[in-house]
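Presented below is the structure to which this report refers.
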Amino acid sequence: MLWAQDPIANRPQRTPEEEALSQTRRLVRELNIKDSVRIDTIYKMHLRYARYRQKGLTRAENMERMQAIYNELRVLLTPEEFERFMNHPAELPRRPRGTNALMPAKAEQTIETQSEGRP
């Protein structure tokens, strides 16, 4: 019998440097930060926490790590930038669970209309 492979387990692990660089680039792009000193400081912060994350944290330790990141970003970013950072929508929103979860709303309306006998 074949077992489904876990896509997360098979994904190549990024180094702390790659992870920090990716997180910093995304933050700089989203907030349009131009100051190279601030960018370098944010990268060093992300690198420190990426190295810490590799130690195999418990859920509670990971939550503390995330809170520490937010606290540092609150200091490194302007109040406006921090507000935009905290209110930025997720890149890939989760889909709602249910039978029609993968069906767009317009398709749902079309199906309902057809089942009622209307074109």
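How things are named: the first chain in the structure tokens is A, the next is B, and so on; residues count from 1 in each chain; ligands count from 1 in the order shown.
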
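Using only C-alpha atoms, the residues found no farther than 12 Å from A:Asn87, other than those of its own chain fewer than 6 positions away, are Glu30, Leu31, Glu80 and Glu81 of chain A.
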
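Within 12 Å of A:Asn32, once only C-alpha atoms are used and residues closer than 3 positions along the same chain are dropped, the contacting residues are Thr24, Arg25, Arg26, Leu27, Val28, Arg29, Asp35, Ser36, Arg38, Ile39, Leu77, Thr78, Glu80, Glu81, Arg84 and Phe85 of chain A.
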
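Omitting A:Tyr52 and its sequence neighbours fewer than 5 positions away, and counting only C-alpha atoms, the residues within 10 Å are Pro16, His46, Leu47, Leu57, Asn62 and Arg65 of chain A.
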
Of A:Arg14, A:His88, A:Ala20, A:Arg74, the one sitting nearest A:Lys44 when using only C-alpha atoms is A:Ala20

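Straight-line separation from atom CA of A:Ala50 to atom CA of A:Glu19: 6.7 Å.
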
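Of the listed residues A:Ala60, A:Glu17, A:Glu72, A:Gln67, the one whose atoms come nearest to A:Ile42 is A:Glu72, with distances taken using only C-alpha atoms.
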